[in-house]
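Notes follow the structure.
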Amino acid sequence: MSTYERVLDEIQDFIFVEDKPEKADIIFVPGNGYPHMAERAAELYREGLAPYVLPSGKYSITEKKFSGVLKKRECYRKNYQTEWEFLRDVLIKNQVPPEAILTEDQAGYTYENARFSKKVTDTAGLEIKKAILCCKSYHARRSLMYYQYVYPETQFLVVPCIVDGISKESWRDTESGVDAVIGEMTRIIKQFSFMM
């Protein structure tokens, strides 16, 4: 194996985090316009793996509005104002009762998803010892790092979803896959420098 291939393998192992789901106190879904993560969270909820689901998000700070449903528009056709409103609808349509869905509808980026979710769980008096994090496959490491930073005593189980064809197995096959993964590496380096 060449040095180049070894470096790519190390990047791949770092970015693409995945755990086997098990019983937890809550399921977190960082804000986005894809239904896949909330659908997966609903499956895990129906399997009895957590009593609460907390989708998080207002909209992208760069767009200043909810950018819309990015896949499965035929299933989710409402005029959603926030990512949270969209994700809540996905959860409800996938048999999660409204009383099991917590509300965080102000976050504009991943760190705020984690930080504002912490405020919600603290206000609700929930002790989060173990949590499931449903996120995009190549967003897994950055999401995990933020949620671990905000919940330092919590064990996280990452349950990622492939939403746009970019997976651990396929990211090297396309320019968009390489750009997405290298973009995540760059964001991690830049965004986590404030923690040093």
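Residue names in the structure tokens use chain letters A, B, ... in the order shown, residue numbers from 1 in each chain, and ligand numbers from 1 in the order shown.
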With only C-alpha atoms counted and 9 Å as the cut-off, give the residues of region 91-129 of chain A in contact with region 41-59 of chain A, each with its shortest interatomic distance in Å and the pair that gives it, as a tab-separated table.
residue	atom	partner	partner_atom	distance
A:Leu91	CA	A:Ala42	CA	5.7
A:Ile92	CA	A:Ala42	CA	8.3
A:Asn94	CA	A:Ala42	CA	5.9
A:Gln95	CA	A:Ala42	CA	7.0
A:Val96	CA	A:Ala42	CA	6.0
A:Glu99	CA	A:Tyr52	CA	8.4
A:Ala100	CA	A:Tyr52	CA	4.8
A:Ile101	CA	A:Val53	CA	5.0
A:Leu102	CA	A:Leu54	CA	4.9
A:Thr103	CA	A:Leu54	CA	6.5
A:Glu104	CA	A:Ser56	CA	4.8
A:Asp105	CA	A:Lys58	CA	4.7
A:Gln106	CA	A:Lys58	CA	4.6
A:Ala107	CA	A:Gly57	CA	4.5
A:Gly108	CA	A:Tyr59	CA	5.3
A:Tyr109	CA	A:Gly57	CA	7.6
A:Thr110	CA	A:Gly57	CA	8.7
A:Glu112	CA	A:Gly57	CA	8.3
A:Asn113	CA	A:Ser56	CA	5.5
A:Ala114	CA	A:Ser56	CA	8.2
A:Phe116	CA	A:Ser56	CA	8.0
A:Ser117	CA	A:Ser56	CA	6.8
A:Val120	CA	A:Leu54	CA	8.8
A:Thr121	CA	A:Leu54	CA	8.9
Shell of 12 Å around Ser170 (chain A), only C-alpha atoms, local chain residues under 5 positions omitted, as a list of chain:residue names: A:Gln12, A:Phe16, A:Ser137, A:Tyr138, A:Ile162, A:Asp164, A:Gly165, A:Glu175, A:Ser176, A:Gly177, A:Val178, A:Ala180, A:Val181
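Distances from A:Lys23, A:Arg172, A:Lys65, A:Arg142 to Lys190 (chain A) were compared using only C-alpha atoms, and the smallest one belongs to A:Arg142.
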Which of region 58-190 of chain A end up as alpha helix (DSSP H) when DSSP is run on this backbone - answer as a PyMOL selection string? chain A and resi 83-93+110-123+140-150+175-190
Could you give me, as an mmCIF file with N, CA and C atoms, in the first residue's frame, the residues within 10 Å of Val163 (chain A), counting only C-alpha atoms and dropping anything in the same chain fewer than 4 positions from it?
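Once written, around28.cif looks like this:
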data_model
loop_
_atom_site.group_PDB
_atom_site.id
_atom_site.type_symbol
_atom_site.label_atom_id
_atom_site.label_comp_id
_atom_site.auth_asym_id
_atom_site.auth_seq_id
_atom_site.Cartn_x
_atom_site.Cartn_y
_atom_site.Cartn_z
ATOM 1 N N TYR A 34 -32.609 16.739 4.550
ATOM 2 C CA TYR A 34 -32.803 15.353 4.120
ATOM 3 C C TYR A 34 -33.673 14.612 5.139
ATOM 4 N N PRO A 35 -34.616 13.806 4.697
ATOM 5 C CA PRO A 35 -35.451 13.061 5.640
ATOM 6 C C PRO A 35 -34.794 11.810 6.213
ATOM 7 N N HIS A 36 -33.736 11.324 5.587
ATOM 8 C CA HIS A 36 -33.148 10.029 5.924
ATOM 9 C C HIS A 36 -32.783 9.876 7.402
ATOM 10 N N MET A 37 -32.160 10.901 7.976
ATOM 11 C CA MET A 37 -31.715 10.797 9.367
ATOM 12 C C MET A 37 -32.899 10.719 10.328
ATOM 13 N N LEU A 70 -34.647 18.182 0.478
ATOM 14 C CA LEU A 70 -33.642 17.844 -0.529
ATOM 15 C C LEU A 70 -33.846 16.473 -1.173
ATOM 16 N N LYS A 71 -34.606 15.602 -0.545
ATOM 17 C CA LYS A 71 -34.947 14.290 -1.124
ATOM 18 C C LYS A 71 -36.347 13.906 -0.647
ATOM 19 N N CYS A 135 -26.887 11.218 11.816
ATOM 20 C CA CYS A 135 -26.380 12.300 10.986
ATOM 21 C C CYS A 135 -25.975 11.761 9.616
ATOM 22 N N LYS A 136 -25.569 12.680 8.751
ATOM 23 C CA LYS A 136 -25.093 12.322 7.419
ATOM 24 C C LYS A 136 -23.772 11.572 7.536
ATOM 25 N N SER A 137 -23.539 10.610 6.671
ATOM 26 C CA SER A 137 -22.366 9.728 6.772
ATOM 27 C C SER A 137 -21.051 10.483 6.904
ATOM 28 N N TYR A 138 -20.792 11.438 6.030
ATOM 29 C CA TYR A 138 -19.509 12.130 6.076
ATOM 30 C C TYR A 138 -19.519 13.356 6.988
ATOM 31 N N SER A 167 -20.409 7.584 0.681
ATOM 32 C CA SER A 167 -20.276 6.655 1.796
ATOM 33 C C SER A 167 -18.810 6.338 2.035
#
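Distance annotation: of A:Cys75, A:Ile182, A:Met1, A:Val17, the residue with the minimal separation from Phe156 (chain A) is A:Val17; atom set is only C-alpha atoms.
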Residue among A:Leu87, A:Ile26, A:Val69, A:Ile188 lying closest to Leu133 (chain A), counting only C-alpha atoms: A:Ile26
Would you return as a PyMOL selection string the members of region 2-113 of chain A that DSSP assigns to strand (DSSP E or B) on this structure's backbone? chain A and resi 26-29+53-56+101+104
